[in-house]
>>> print(open('run_12.cif').read())   # mmCIF, C-alpha atoms (C1' of nucleotides)
data_entry
#
loop_
_atom_site.label_atom_id
_atom_site.label_comp_id
_atom_site.auth_asym_id
_atom_site.auth_seq_id
_atom_site.Cartn_x
_atom_site.Cartn_y
_atom_site.Cartn_z
CA MET H 296 27.01 157.77 -37.43
CA ASP H 297 28.35 158.32 -33.91
CA SER H 298 24.80 158.64 -32.62
CA ALA H 299 23.60 155.62 -34.57
CA GLN H 300 26.46 153.52 -33.25
CA GLU H 301 25.81 154.57 -29.68
CA LEU H 302 22.11 153.77 -30.01
CA ILE H 303 22.82 150.30 -31.40
CA GLN H 304 25.39 149.60 -28.69
CA THR H 305 22.93 150.55 -25.96
CA ARG H 306 19.41 149.75 -27.18
CA GLY H 307 19.97 147.55 -30.25
CA PHE H 308 19.43 147.98 -33.98
CA SER H 309 15.69 147.25 -34.05
CA ALA H 310 15.02 149.76 -31.30
CA MET H 311 17.09 152.48 -32.93
CA SER H 312 15.16 154.91 -35.13
CA PHE H 313 15.95 157.81 -37.44
CA GLN H 314 13.96 159.96 -35.04
CA ASP H 315 16.25 159.08 -32.12
CA ILE H 316 19.28 160.05 -34.16
CA ALA H 317 17.64 163.26 -35.41
CA VAL H 318 17.04 164.38 -31.81
CA MET H 319 20.61 163.57 -30.75
CA VAL H 320 22.17 165.36 -33.75
CA GLY H 321 19.77 168.28 -33.62
CA ILE H 322 18.35 168.08 -37.13
CA LYS H 323 15.16 166.62 -38.56
CA LYS H 324 14.48 163.05 -39.53
CA PRO H 325 14.42 163.46 -43.36
CA SER H 326 17.81 165.14 -43.17
CA ILE H 327 19.24 161.92 -41.77
CA ILE H 328 17.53 159.88 -44.44
CA HIS H 329 19.04 162.14 -47.10
CA HIS H 330 22.47 160.80 -46.14
CA PHE H 331 21.38 157.21 -45.51
CA PRO H 332 18.37 156.35 -47.71
CA SER H 333 17.46 153.28 -45.67
CA LYS H 334 18.06 151.97 -42.19
CA THR H 335 20.10 149.14 -43.67
CA ASP H 336 22.35 151.63 -45.46
CA LEU H 337 22.98 153.38 -42.17
CA GLY H 338 23.63 150.14 -40.34
CA ARG H 339 26.04 148.91 -42.96
CA ALA H 340 27.98 152.18 -42.93
CA VAL H 341 28.26 152.15 -39.14
CA ILE H 342 29.52 148.57 -39.04
CA ALA H 343 32.03 149.18 -41.84
CA ARG H 344 33.44 152.22 -40.08
CA TYR H 345 33.62 150.32 -36.79
CA HIS H 346 35.35 147.39 -38.46
CA ASP H 347 37.92 149.64 -40.18
CA LEU H 348 38.68 151.44 -36.94
CA PHE H 349 39.45 148.21 -35.12
CA LYS H 350 41.33 146.78 -38.04
CA SER H 351 43.75 149.67 -38.41
CA ALA H 352 44.38 149.90 -34.66
CA LEU H 353 44.99 146.17 -34.28
CA VAL H 354 47.16 145.87 -37.38
CA HIS H 355 49.19 148.80 -36.11
CA VAL H 356 49.93 147.27 -32.73
CA GLN H 357 50.60 143.90 -34.34
CA GLU H 358 53.22 145.31 -36.68
CA ASP H 359 54.91 147.47 -34.07
CA PRO H 360 58.24 145.73 -33.28
CA GLU H 361 58.33 147.49 -29.90
CA LYS H 362 55.13 145.73 -28.79
CA THR H 363 55.18 142.25 -27.34
CA PRO H 364 52.25 139.83 -27.78
CA TRP H 365 51.34 140.67 -24.18
CA ASP H 366 51.14 144.34 -25.12
CA ALA H 367 48.97 143.45 -28.09
CA LEU H 368 46.63 141.40 -25.93
CA GLU H 369 46.30 144.13 -23.31
CA PHE H 370 45.69 146.63 -26.10
CA TYR H 371 42.96 144.36 -27.41
CA PHE H 372 41.32 144.37 -23.98
CA THR H 373 41.07 148.16 -23.74
CA PRO H 374 38.00 148.80 -25.93
CA TYR H 375 36.06 146.18 -23.99
CA LEU H 376 36.96 147.97 -20.77
CA ASP H 377 36.09 151.33 -22.30
CA PHE H 378 32.69 150.14 -23.49
CA GLY H 379 31.97 148.68 -20.08
CA ASP H 380 32.92 151.92 -18.36
CA ALA H 381 31.23 154.40 -20.67
CA GLY H 382 27.48 154.22 -20.48
CA ASN H 383 26.46 150.59 -20.60
CA LYS H 384 27.66 149.96 -24.11
CA VAL H 385 28.53 146.58 -25.56
CA CYS H 386 30.50 145.81 -28.70
CA LEU H 387 28.53 147.02 -31.73
CA CYS H 388 28.71 143.62 -33.38
CA GLY H 389 27.98 141.85 -30.11
CA ALA H 390 24.69 143.73 -29.91
CA LEU H 391 23.95 143.00 -33.57
CA ALA H 392 24.70 139.30 -33.06
CA GLY H 393 21.74 139.09 -30.67
CA GLU H 394 19.30 140.21 -33.35
CA PHE H 395 21.22 138.67 -36.23
CA MET H 396 18.28 137.04 -38.02
CA GLU H 397 16.49 140.38 -38.15
CA LEU H 398 19.33 142.05 -40.05
CA GLY H 399 19.39 142.07 -43.83
CA GLU H 400 21.91 140.01 -45.75
CA THR H 401 24.28 142.91 -46.31
CA MET H 402 24.45 143.76 -42.61
CA GLN H 403 24.80 140.09 -41.68
CA HIS H 404 27.80 139.85 -43.95
CA GLU H 405 29.43 142.91 -42.39
CA VAL H 406 29.03 141.48 -38.90
CA GLN H 407 30.37 138.13 -40.03
CA SER H 408 33.47 139.73 -41.55
CA PHE H 409 34.10 141.62 -38.34
CA PHE H 410 34.17 138.51 -36.17
CA ILE H 411 36.07 136.33 -38.60
CA TRP H 412 38.74 138.97 -38.89
CA HIS H 413 38.95 139.31 -35.11
CA GLU H 414 39.34 135.59 -34.61
CA GLN H 415 42.19 135.51 -37.11
CA TRP H 416 43.94 138.48 -35.56
CA LEU H 417 43.75 136.91 -32.11
CA GLU H 418 45.02 133.61 -33.45
CA ARG H 419 48.05 135.28 -35.01
CA ILE H 420 48.86 137.11 -31.77
CA LEU H 421 48.58 133.88 -29.80
CA GLU H 422 50.75 132.02 -32.32
CA ALA H 423 53.39 134.74 -32.19
CA GLY H 424 53.39 134.79 -28.40
CA HIS H 425 53.59 131.03 -28.27
CA ALA H 426 56.46 130.90 -30.74
CA ALA H 427 58.40 133.53 -28.78
CA GLY H 428 57.79 131.79 -25.48
CA HIS H 429 55.60 134.55 -24.03
CA PHE H 430 52.46 132.43 -23.83
CA LYS H 431 51.95 128.92 -22.62
CA LEU H 432 49.46 127.27 -25.00
CA ASN H 433 48.66 123.82 -26.26
CA LYS H 434 48.52 123.16 -29.97
CA HIS H 435 44.96 124.35 -30.47
CA THR H 436 45.59 128.07 -30.80
CA SER H 437 42.66 128.67 -33.14
CA GLN H 438 40.24 127.03 -30.69
CA PHE H 439 41.69 129.10 -27.87
CA ALA H 440 41.42 132.27 -29.94
CA ARG H 441 37.71 131.78 -30.49
CA THR H 442 37.21 130.88 -26.84
CA LEU H 443 38.93 134.10 -25.90
CA LEU H 444 36.80 136.15 -28.30
CA SER H 445 33.61 134.42 -27.14
CA ALA H 446 34.47 135.00 -23.49
CA LEU H 447 35.16 138.71 -23.96
CA GLN H 448 32.01 139.32 -25.99
CA GLY H 449 29.96 137.37 -23.49
CA ALA H 450 31.53 139.12 -20.53
CA LEU H 451 30.70 142.54 -21.94
CA LEU H 452 27.07 141.54 -22.36
CA LEU H 453 26.89 139.97 -18.91
CA LYS H 454 28.55 142.95 -17.27
CA ARG H 455 25.69 145.18 -18.31
CA VAL H 456 23.12 142.68 -17.04
CA THR H 457 24.69 141.77 -13.71
CA ARG H 458 25.93 145.32 -13.14
CA ASP H 459 29.09 143.82 -11.64
CA PRO H 460 32.06 145.98 -12.69
CA LYS H 461 34.41 143.07 -11.95
CA GLN H 462 32.79 140.89 -14.63
CA LEU H 463 35.18 141.96 -17.38
CA GLU H 464 38.28 142.14 -15.23
CA ASP H 465 37.62 138.66 -13.84
CA VAL H 466 37.43 137.18 -17.33
CA MET H 467 40.55 139.02 -18.48
CA GLN H 468 42.49 137.95 -15.42
CA THR H 469 41.42 134.35 -15.96
CA ILE H 470 42.69 134.56 -19.54
CA ARG H 471 46.00 136.05 -18.42
CA GLU H 472 46.56 133.30 -15.89
CA LEU H 473 45.65 130.60 -18.41
CA ILE H 474 48.32 131.64 -20.89
CA ALA H 475 51.02 132.95 -18.56
CA PRO H 476 54.03 130.64 -18.51
CA SER H 477 54.40 129.10 -15.06
CA MET X 29 4.75 131.62 -25.07
CA ASP X 30 6.60 129.03 -27.16
CA SER X 31 6.21 131.22 -30.22
CA ALA X 32 7.22 134.35 -28.35
CA GLN X 33 10.32 132.65 -26.99
CA GLU X 34 11.33 131.38 -30.40
CA LEU X 35 10.89 134.81 -31.94
CA ILE X 36 13.03 136.46 -29.26
CA GLN X 37 15.72 133.80 -29.61
CA THR X 38 15.91 134.31 -33.36
CA ARG X 39 14.99 137.91 -34.12
CA GLY X 40 15.16 139.67 -30.74
CA PHE X 41 12.61 141.22 -28.41
CA SER X 42 12.24 144.57 -30.18
CA ALA X 43 11.63 142.89 -33.51
CA MET X 44 9.06 140.49 -32.09
CA SER X 45 5.44 141.63 -32.39
CA PHE X 46 2.03 140.42 -31.25
CA GLN X 47 1.19 140.08 -34.92
CA ASP X 48 4.07 137.64 -35.52
CA ILE X 49 2.88 135.49 -32.64
CA ALA X 50 -0.75 135.67 -33.78
CA VAL X 51 0.23 134.32 -37.21
CA MET X 52 2.29 131.49 -35.71
CA VAL X 53 -0.41 130.47 -33.25
CA GLY X 54 -3.25 130.90 -35.73
CA ILE X 55 -5.39 133.40 -33.83
CA LYS X 56 -5.77 137.17 -34.01
CA LYS X 57 -3.64 139.81 -32.36
CA PRO X 58 -6.12 141.00 -29.68
CA SER X 59 -6.55 137.39 -28.55
CA ILE X 60 -2.86 137.33 -27.65
CA ILE X 61 -3.14 140.65 -25.85
CA HIS X 62 -6.07 139.29 -23.85
CA HIS X 63 -3.63 136.87 -22.17
CA PHE X 64 -0.69 139.27 -21.97
CA PRO X 65 -1.96 142.85 -21.69
CA SER X 66 1.39 144.37 -22.61
CA LYS X 67 4.52 143.29 -24.42
CA THR X 68 6.44 143.59 -21.17
CA ASP X 69 4.01 141.22 -19.47
CA LEU X 70 4.61 138.67 -22.20
CA GLY X 71 8.37 139.11 -22.06
CA ARG X 72 8.45 138.73 -18.31
CA ALA X 73 6.35 135.56 -18.41
CA VAL X 74 8.55 134.01 -21.08
CA ILE X 75 11.76 134.74 -19.18
CA ALA X 76 10.32 133.45 -15.90
CA ARG X 77 9.23 130.18 -17.50
CA TYR X 78 12.63 129.81 -19.19
CA HIS X 79 14.44 130.48 -15.93
CA ASP X 80 12.32 127.96 -14.00
CA LEU X 81 12.89 125.30 -16.64
CA PHE X 82 16.67 125.66 -16.42
CA LYS X 83 16.62 125.92 -12.67
CA SER X 84 14.73 122.69 -12.07
CA ALA X 85 16.79 120.73 -14.59
CA LEU X 86 20.10 121.98 -13.21
CA VAL X 87 19.15 121.51 -9.58
CA HIS X 88 18.03 118.01 -10.41
CA VAL X 89 21.33 116.97 -11.97
CA GLN X 90 23.25 118.69 -9.22
CA GLU X 91 21.47 116.76 -6.48
CA ASP X 92 21.65 113.41 -8.25
CA PRO X 93 24.28 111.36 -6.36
CA GLU X 94 24.80 109.21 -9.47
CA LYS X 95 26.02 112.20 -11.46
CA THR X 96 29.60 113.40 -11.27
CA PRO X 97 30.56 117.06 -11.72
CA TRP X 98 31.69 116.08 -15.22
CA ASP X 99 28.21 114.75 -15.95
CA ALA X 100 26.70 117.97 -14.62
CA LEU X 101 28.97 120.07 -16.82
CA GLU X 102 28.20 118.05 -19.94
CA PHE X 103 24.51 118.28 -19.08
CA TYR X 104 24.89 122.04 -18.83
CA PHE X 105 26.41 122.11 -22.33
CA THR X 106 23.48 120.33 -23.99
CA PRO X 107 21.00 123.22 -24.31
CA TYR X 108 23.68 125.37 -25.91
CA LEU X 109 24.29 122.63 -28.47
CA ASP X 110 20.55 122.19 -29.00
CA PHE X 111 20.00 125.92 -29.59
CA GLY X 112 22.89 125.98 -32.02
CA ASP X 113 21.51 123.02 -33.93
CA ALA X 114 17.83 123.93 -34.05
CA GLY X 115 17.18 126.94 -36.22
CA ASN X 116 19.73 129.58 -35.40
CA LYS X 117 18.56 130.20 -31.88
CA VAL X 118 20.63 131.69 -29.10
CA CYS X 119 19.97 131.64 -25.38
CA LEU X 120 16.83 133.67 -24.65
CA CYS X 121 18.64 135.79 -22.09
CA GLY X 122 21.70 136.10 -24.31
CA ALA X 123 19.53 137.68 -26.98
CA LEU X 124 17.87 139.94 -24.40
CA ALA X 125 21.28 141.00 -23.06
CA GLY X 126 22.07 142.59 -26.42
CA GLU X 127 19.09 144.93 -26.17
CA PHE X 128 19.16 145.21 -22.40
CA MET X 129 18.74 148.98 -22.13
CA GLU X 130 15.57 148.79 -24.21
CA LEU X 131 13.87 146.38 -21.79
CA GLY X 132 11.76 147.69 -18.94
CA GLU X 133 12.95 147.40 -15.36
CA THR X 134 10.90 144.28 -14.66
CA MET X 135 12.35 142.40 -17.62
CA GLN X 136 15.85 143.61 -16.83
CA HIS X 137 15.51 142.16 -13.36
CA GLU X 138 14.36 138.79 -14.70
CA VAL X 139 17.35 138.58 -17.04
CA GLN X 140 19.69 139.58 -14.25
CA SER X 141 18.34 136.88 -11.93
CA PHE X 142 18.79 134.29 -14.66
CA PHE X 143 22.47 135.00 -15.15
CA ILE X 144 23.31 135.44 -11.47
CA TRP X 145 21.70 132.13 -10.71
CA HIS X 146 23.61 130.44 -13.53
CA GLU X 147 26.91 131.81 -12.36
CA GLN X 148 26.28 130.49 -8.87
CA TRP X 149 25.24 127.05 -10.10
CA LEU X 150 28.36 126.77 -12.22
CA GLU X 151 30.54 127.91 -9.35
CA ARG X 152 29.09 125.22 -7.08
CA ILE X 153 29.65 122.52 -9.69
CA LEU X 154 33.23 123.65 -10.17
CA GLU X 155 33.82 123.76 -6.42
CA ALA X 156 32.39 120.28 -6.00
CA GLY X 157 34.48 118.91 -8.85
CA HIS X 158 37.59 120.57 -7.51
CA ALA X 159 37.02 119.23 -3.98
CA ALA X 160 36.49 115.69 -5.30
CA GLY X 161 39.57 115.88 -7.50
CA HIS X 162 37.66 115.73 -10.78
CA PHE X 163 38.68 119.19 -11.93
CA LYS X 164 42.02 120.92 -11.86
CA LEU X 165 41.37 124.54 -10.90
CA ASN X 166 43.22 127.32 -9.17
CA LYS X 167 41.61 129.11 -6.23
CA HIS X 168 39.51 131.49 -8.30
CA THR X 169 36.53 129.26 -9.04
CA SER X 170 34.04 132.12 -9.13
CA GLN X 171 36.11 133.96 -11.74
CA PHE X 172 36.41 130.79 -13.76
CA ALA X 173 32.67 130.16 -13.50
CA ARG X 174 31.84 133.54 -14.98
CA THR X 175 34.48 133.07 -17.68
CA LEU X 176 32.89 129.78 -18.57
CA LEU X 177 29.40 131.29 -18.71
CA SER X 178 30.63 134.27 -20.75
CA ALA X 179 32.43 132.01 -23.20
CA LEU X 180 29.40 129.78 -23.79
CA GLN X 181 27.00 132.68 -24.24
CA GLY X 182 29.45 134.39 -26.57
CA ALA X 183 30.11 131.21 -28.53
CA LEU X 184 26.41 130.68 -29.15
CA LEU X 185 26.07 134.21 -30.51
CA LEU X 186 29.20 133.88 -32.64
CA LYS X 187 28.16 130.51 -34.00
CA ARG X 188 25.10 132.05 -35.63
CA VAL X 189 27.18 134.86 -37.12
CA THR X 190 30.16 132.89 -38.40
CA ARG X 191 27.97 129.95 -39.41
CA ASP X 192 30.76 127.65 -38.21
CA PRO X 193 29.19 124.61 -36.52
CA LYS X 194 32.48 123.93 -34.73
CA GLN X 195 32.31 127.25 -32.86
CA LEU X 196 30.50 125.80 -29.85
CA GLU X 197 32.33 122.50 -29.77
CA ASP X 198 35.71 124.25 -29.93
CA VAL X 199 34.88 126.38 -26.92
CA MET X 200 33.54 123.41 -24.96
CA GLN X 201 36.59 121.32 -25.79
CA THR X 202 38.86 124.15 -24.69
CA ILE X 203 37.00 124.31 -21.38
CA ARG X 204 37.27 120.56 -20.88
CA GLU X 205 41.00 120.59 -21.50
CA LEU X 206 41.50 123.54 -19.17
CA ILE X 207 39.95 121.81 -16.18
CA ALA X 208 40.88 118.18 -16.87
CA PRO X 209 43.48 116.95 -14.39
CA SER X 210 46.72 116.19 -16.23
"C1'" DG F 284 22.01 169.92 -46.66
"C1'" DT F 285 18.04 170.94 -44.30
"C1'" DC F 286 13.45 171.80 -44.07
"C1'" DT F 287 7.87 171.05 -44.14
"C1'" DA F 288 4.48 168.13 -45.45
"C1'" DT F 289 2.86 163.85 -46.32
"C1'" DA F 290 2.26 158.95 -47.52
"C1'" DC F 291 1.97 154.43 -45.90
"C1'" DA F 292 2.62 150.52 -42.96
"C1'" DA F 293 2.99 148.49 -38.59
"C1'" DA F 294 3.26 148.81 -33.88
"C1'" DG F 295 0.92 148.44 -29.01
"C1'" DA F 296 -3.34 148.73 -27.04
"C1'" DT F 297 -8.69 149.20 -26.02
"C1'" DA F 298 -13.86 148.48 -26.52
"C1'" DG F 299 -17.31 145.72 -27.02
"C1'" DA F 300 -19.89 141.83 -29.52
"C1'" DC F 301 -20.20 136.79 -29.63
"C1'" DG M 53 -11.28 133.04 -25.32
"C1'" DT M 54 -11.71 134.87 -29.59
"C1'" DC M 55 -13.33 138.01 -32.68
"C1'" DT M 56 -14.06 142.78 -35.48
"C1'" DA M 57 -13.32 147.39 -35.36
"C1'" DT M 58 -10.88 151.19 -33.97
"C1'" DC M 59 -7.53 154.45 -31.71
"C1'" DT M 60 -3.06 156.38 -31.29
"C1'" DT M 61 1.66 156.48 -31.92
"C1'" DT M 62 5.62 155.60 -34.24
"C1'" DG M 63 8.23 153.76 -37.79
"C1'" DT M 64 10.55 154.03 -42.70
"C1'" DA M 65 10.43 156.53 -46.63
"C1'" DT M 66 9.30 160.20 -50.43
"C1'" DA M 67 8.37 164.82 -52.70
"C1'" DG M 68 9.50 169.08 -53.27
"C1'" DA M 69 10.62 173.97 -51.47
"C1'" DC M 70 14.50 176.71 -49.78
#
>>> encode(input="run_12.cif", output="structure tokens")
Amino acid sequence: MDSAQELIQTRGFSAMSFQDIAVMVGIKKPSIIHHFPSKTDLGRAVIARYHDLFKSALVHVQEDPEKTPWDALEFYFTPYLDFGDAGNKVCLCGALAGEFMELGETMQHEVQSFFIWHEQWLERILEAGHAAGHFKLNKHTSQFARTLLSALQGALLLKRVTRDPKQLEDVMQTIRELIAPS
Amino acid sequence: MDSAQELIQTRGFSAMSFQDIAVMVGIKKPSIIHHFPSKTDLGRAVIARYHDLFKSALVHVQEDPEKTPWDALEFYFTPYLDFGDAGNKVCLCGALAGEFMELGETMQHEVQSFFIWHEQWLERILEAGHAAGHFKLNKHTSQFARTLLSALQGALLLKRVTRDPKQLEDVMQTIRELIAPS
DNA sequence: GTCTATACAAAGATAGAC
DNA sequence: GTCTATCTTTGTATAGAC
């Protein structure tokens, strides 16, 4: 599943094959298929695991009374920075979004859940920060949350294309300045 | 080329095949290959045409003395809205960005040129609007330009996943409010 | 769980007739 | 420019031995 995820994040789901994974893991192709009878099964399992990993980490930081909304936001930034640093990866679901119509219904639903959950988490963090006076926001927190998510996903994709390491940091700094109280 | 572009925008480059195009156009597979000897040749031609189309339209609106920077920005929004409306398409180069490492060097370079050019066009529009007092911006126009581009590309991808037609409009409205002079 | 062997379909690409 | 026919490789997937 690690290998599958890495392949999707770098080359995309369509381009990933059981053979690629078999070579990376060091076993033969049918041995992979024994665990995941179809490519869709594998894809669904990888997305579900990815979603759960993010979910538990983000819920954890959200519920930690020691962490401010600023801490939560910076924590949210870290995986984007890590993907950008380590080997030209993008967000798993960002890659899958580009070939969305090619995915089966089950995988489409997994990707959809991932992004809807993210949007809601970001909205709650922004609301909390606004209420506590940490962020300066207008009333449209949900619109700003989805703008923020869109900008980060887009920046990660563009970073790999333009090869400009500042791409992500520029977007994050812009976001910080937009919500920092003057 | 129209069919190829549509297939890439909906299902991705890896998933697109000569056979798919042949069926859409109504001729046989080798007839397509006669015009584009390899899949990379076809991909490169499609990107180049797409890039030129955007370039001429954007340069035209930029040089039109009747158009304000606001007009230019709204004009820039229209293709994103059109893609979102017509058949679950995303930006051609946004789709290609998700499977970037799978593309050959020539195609990678075409995609890179597209986005670098876009960033520069947006930056010039923002600069012009700022100088003329139409936009309220801090000094970091280039960072804001790439945030804007990232957000729009991301929003188009997310719109197809979340199936929320407001996704794009929310992001655009957020952008308008961020740069509108108070 | 892993393997060999194999089936079957689809991919990109070429040759050569019309 | 388009076609039929073909080549070669690669893909997902299955059967069955170990």
>>> residues_around(input="run_12.cif", residues="Phe103 in chain X", least_positions_apart="2", cutoff="12 Å", atoms="all atoms listed in the file", output="ChimeraX atom specification")
/X:82,85-90,95-101,105-110,150,153,200
>>> write_last_selection(input="run_12.cif", atoms="C-alpha atoms", output="short mmCIF file (atom, residue, chain, number, x, y, z; two decimals), keeping the file's coordinate frame")
data_model
loop_
_atom_site.label_atom_id
_atom_site.label_comp_id
_atom_site.auth_asym_id
_atom_site.auth_seq_id
_atom_site.Cartn_x
_atom_site.Cartn_y
_atom_site.Cartn_z
CA PHE X 82 16.67 125.66 -16.42
CA ALA X 85 16.79 120.73 -14.59
CA LEU X 86 20.10 121.98 -13.21
CA VAL X 87 19.15 121.51 -9.58
CA HIS X 88 18.03 118.01 -10.41
CA VAL X 89 21.33 116.97 -11.97
CA GLN X 90 23.25 118.69 -9.22
CA LYS X 95 26.02 112.20 -11.46
CA THR X 96 29.60 113.40 -11.27
CA PRO X 97 30.56 117.06 -11.72
CA TRP X 98 31.69 116.08 -15.22
CA ASP X 99 28.21 114.75 -15.95
CA ALA X 100 26.70 117.97 -14.62
CA LEU X 101 28.97 120.07 -16.82
CA PHE X 105 26.41 122.11 -22.33
CA THR X 106 23.48 120.33 -23.99
CA PRO X 107 21.00 123.22 -24.31
CA TYR X 108 23.68 125.37 -25.91
CA LEU X 109 24.29 122.63 -28.47
CA ASP X 110 20.55 122.19 -29.00
CA LEU X 150 28.36 126.77 -12.22
CA ILE X 153 29.65 122.52 -9.69
CA MET X 200 33.54 123.41 -24.96
#
>>> interface_residues(input="run_12.cif", of="chain F", to="chain H", cutoff="8 Å", atoms="only C-alpha atoms (C1' of nucleotides)", output="PyMOL selection string")
chain F and resi 284-286
>>> closest_residue(input="run_12.cif", among="X:Met135, X:Ile61, X:Ala123, X:Leu154", to="chain M", atoms="all atoms listed in the file")
X:Ile61
>>> resolve_selection(input="run_12.cif", expression="the PyMOL selection byres ((chain X) within 8 of (chain H))", output="count of residues only")
41
>>> atom_distance(input="run_12.cif", atom1="CA of Glu361 in chain H", atom2="CA of Arg419 in chain H")
16.8 Å
>>> interface_residues(input="run_12.cif", of="chain H", to="chain M", cutoff="9 Å", atoms="only C-alpha atoms (C1' of nucleotides)", output="ChimeraX atom specification")
/H:312-314,325,328,332-334
>>> atom_distance(input="run_12.cif", atom1="CA of His413 in chain H", atom2="CA of Lys350 in chain H")
8.4 Å
>>> atom_distance(input="run_12.cif", atom1="CA of Pro209 in chain X", atom2="CA of Ala160 in chain X")
11.5 Å
>>> build_atoms(input="run_12.cif", residues="range 81-96 of chain X", atoms="N, CA and C atoms", output="compact mmCIF listing (two decimals), in the frame of the given file")
# COMPACT_ATOMS: atom_id res chain seq x y z
N LEU X 81 12.56 126.54 -15.95
CA LEU X 81 12.89 125.30 -16.64
C LEU X 81 14.36 124.93 -16.43
N PHE X 82 15.24 125.91 -16.63
CA PHE X 82 16.67 125.66 -16.42
C PHE X 82 16.95 125.30 -14.97
N LYS X 83 16.35 126.09 -14.09
CA LYS X 83 16.62 125.92 -12.67
C LYS X 83 16.30 124.50 -12.22
N SER X 84 15.12 124.02 -12.56
CA SER X 84 14.73 122.69 -12.07
C SER X 84 15.61 121.60 -12.67
N ALA X 85 15.94 121.73 -13.95
CA ALA X 85 16.79 120.73 -14.59
C ALA X 85 18.19 120.73 -13.98
N LEU X 86 18.74 121.90 -13.72
CA LEU X 86 20.10 121.98 -13.21
C LEU X 86 20.18 121.57 -11.75
N VAL X 87 19.18 121.94 -10.98
CA VAL X 87 19.15 121.51 -9.58
C VAL X 87 19.04 119.99 -9.50
N HIS X 88 18.24 119.46 -10.41
CA HIS X 88 18.03 118.01 -10.41
C HIS X 88 19.33 117.26 -10.65
N VAL X 89 20.09 117.67 -11.66
CA VAL X 89 21.33 116.97 -11.97
C VAL X 89 22.37 117.20 -10.89
N GLN X 90 22.29 118.37 -10.27
CA GLN X 90 23.25 118.69 -9.22
C GLN X 90 23.04 117.82 -7.98
N GLU X 91 21.78 117.51 -7.70
CA GLU X 91 21.47 116.76 -6.48
C GLU X 91 21.48 115.25 -6.70
N ASP X 92 21.64 114.84 -7.95
CA ASP X 92 21.65 113.41 -8.25
C ASP X 92 23.00 112.80 -7.83
N PRO X 93 23.01 111.91 -6.84
CA PRO X 93 24.28 111.36 -6.36
C PRO X 93 24.96 110.48 -7.41
N GLU X 94 24.22 110.04 -8.41
CA GLU X 94 24.80 109.21 -9.47
C GLU X 94 25.63 110.04 -10.46
N LYS X 95 25.37 111.34 -10.47
CA LYS X 95 26.02 112.20 -11.46
C LYS X 95 27.29 112.83 -10.89
N THR X 96 28.36 112.73 -11.65
CA THR X 96 29.60 113.40 -11.27
C THR X 96 29.55 114.86 -11.73
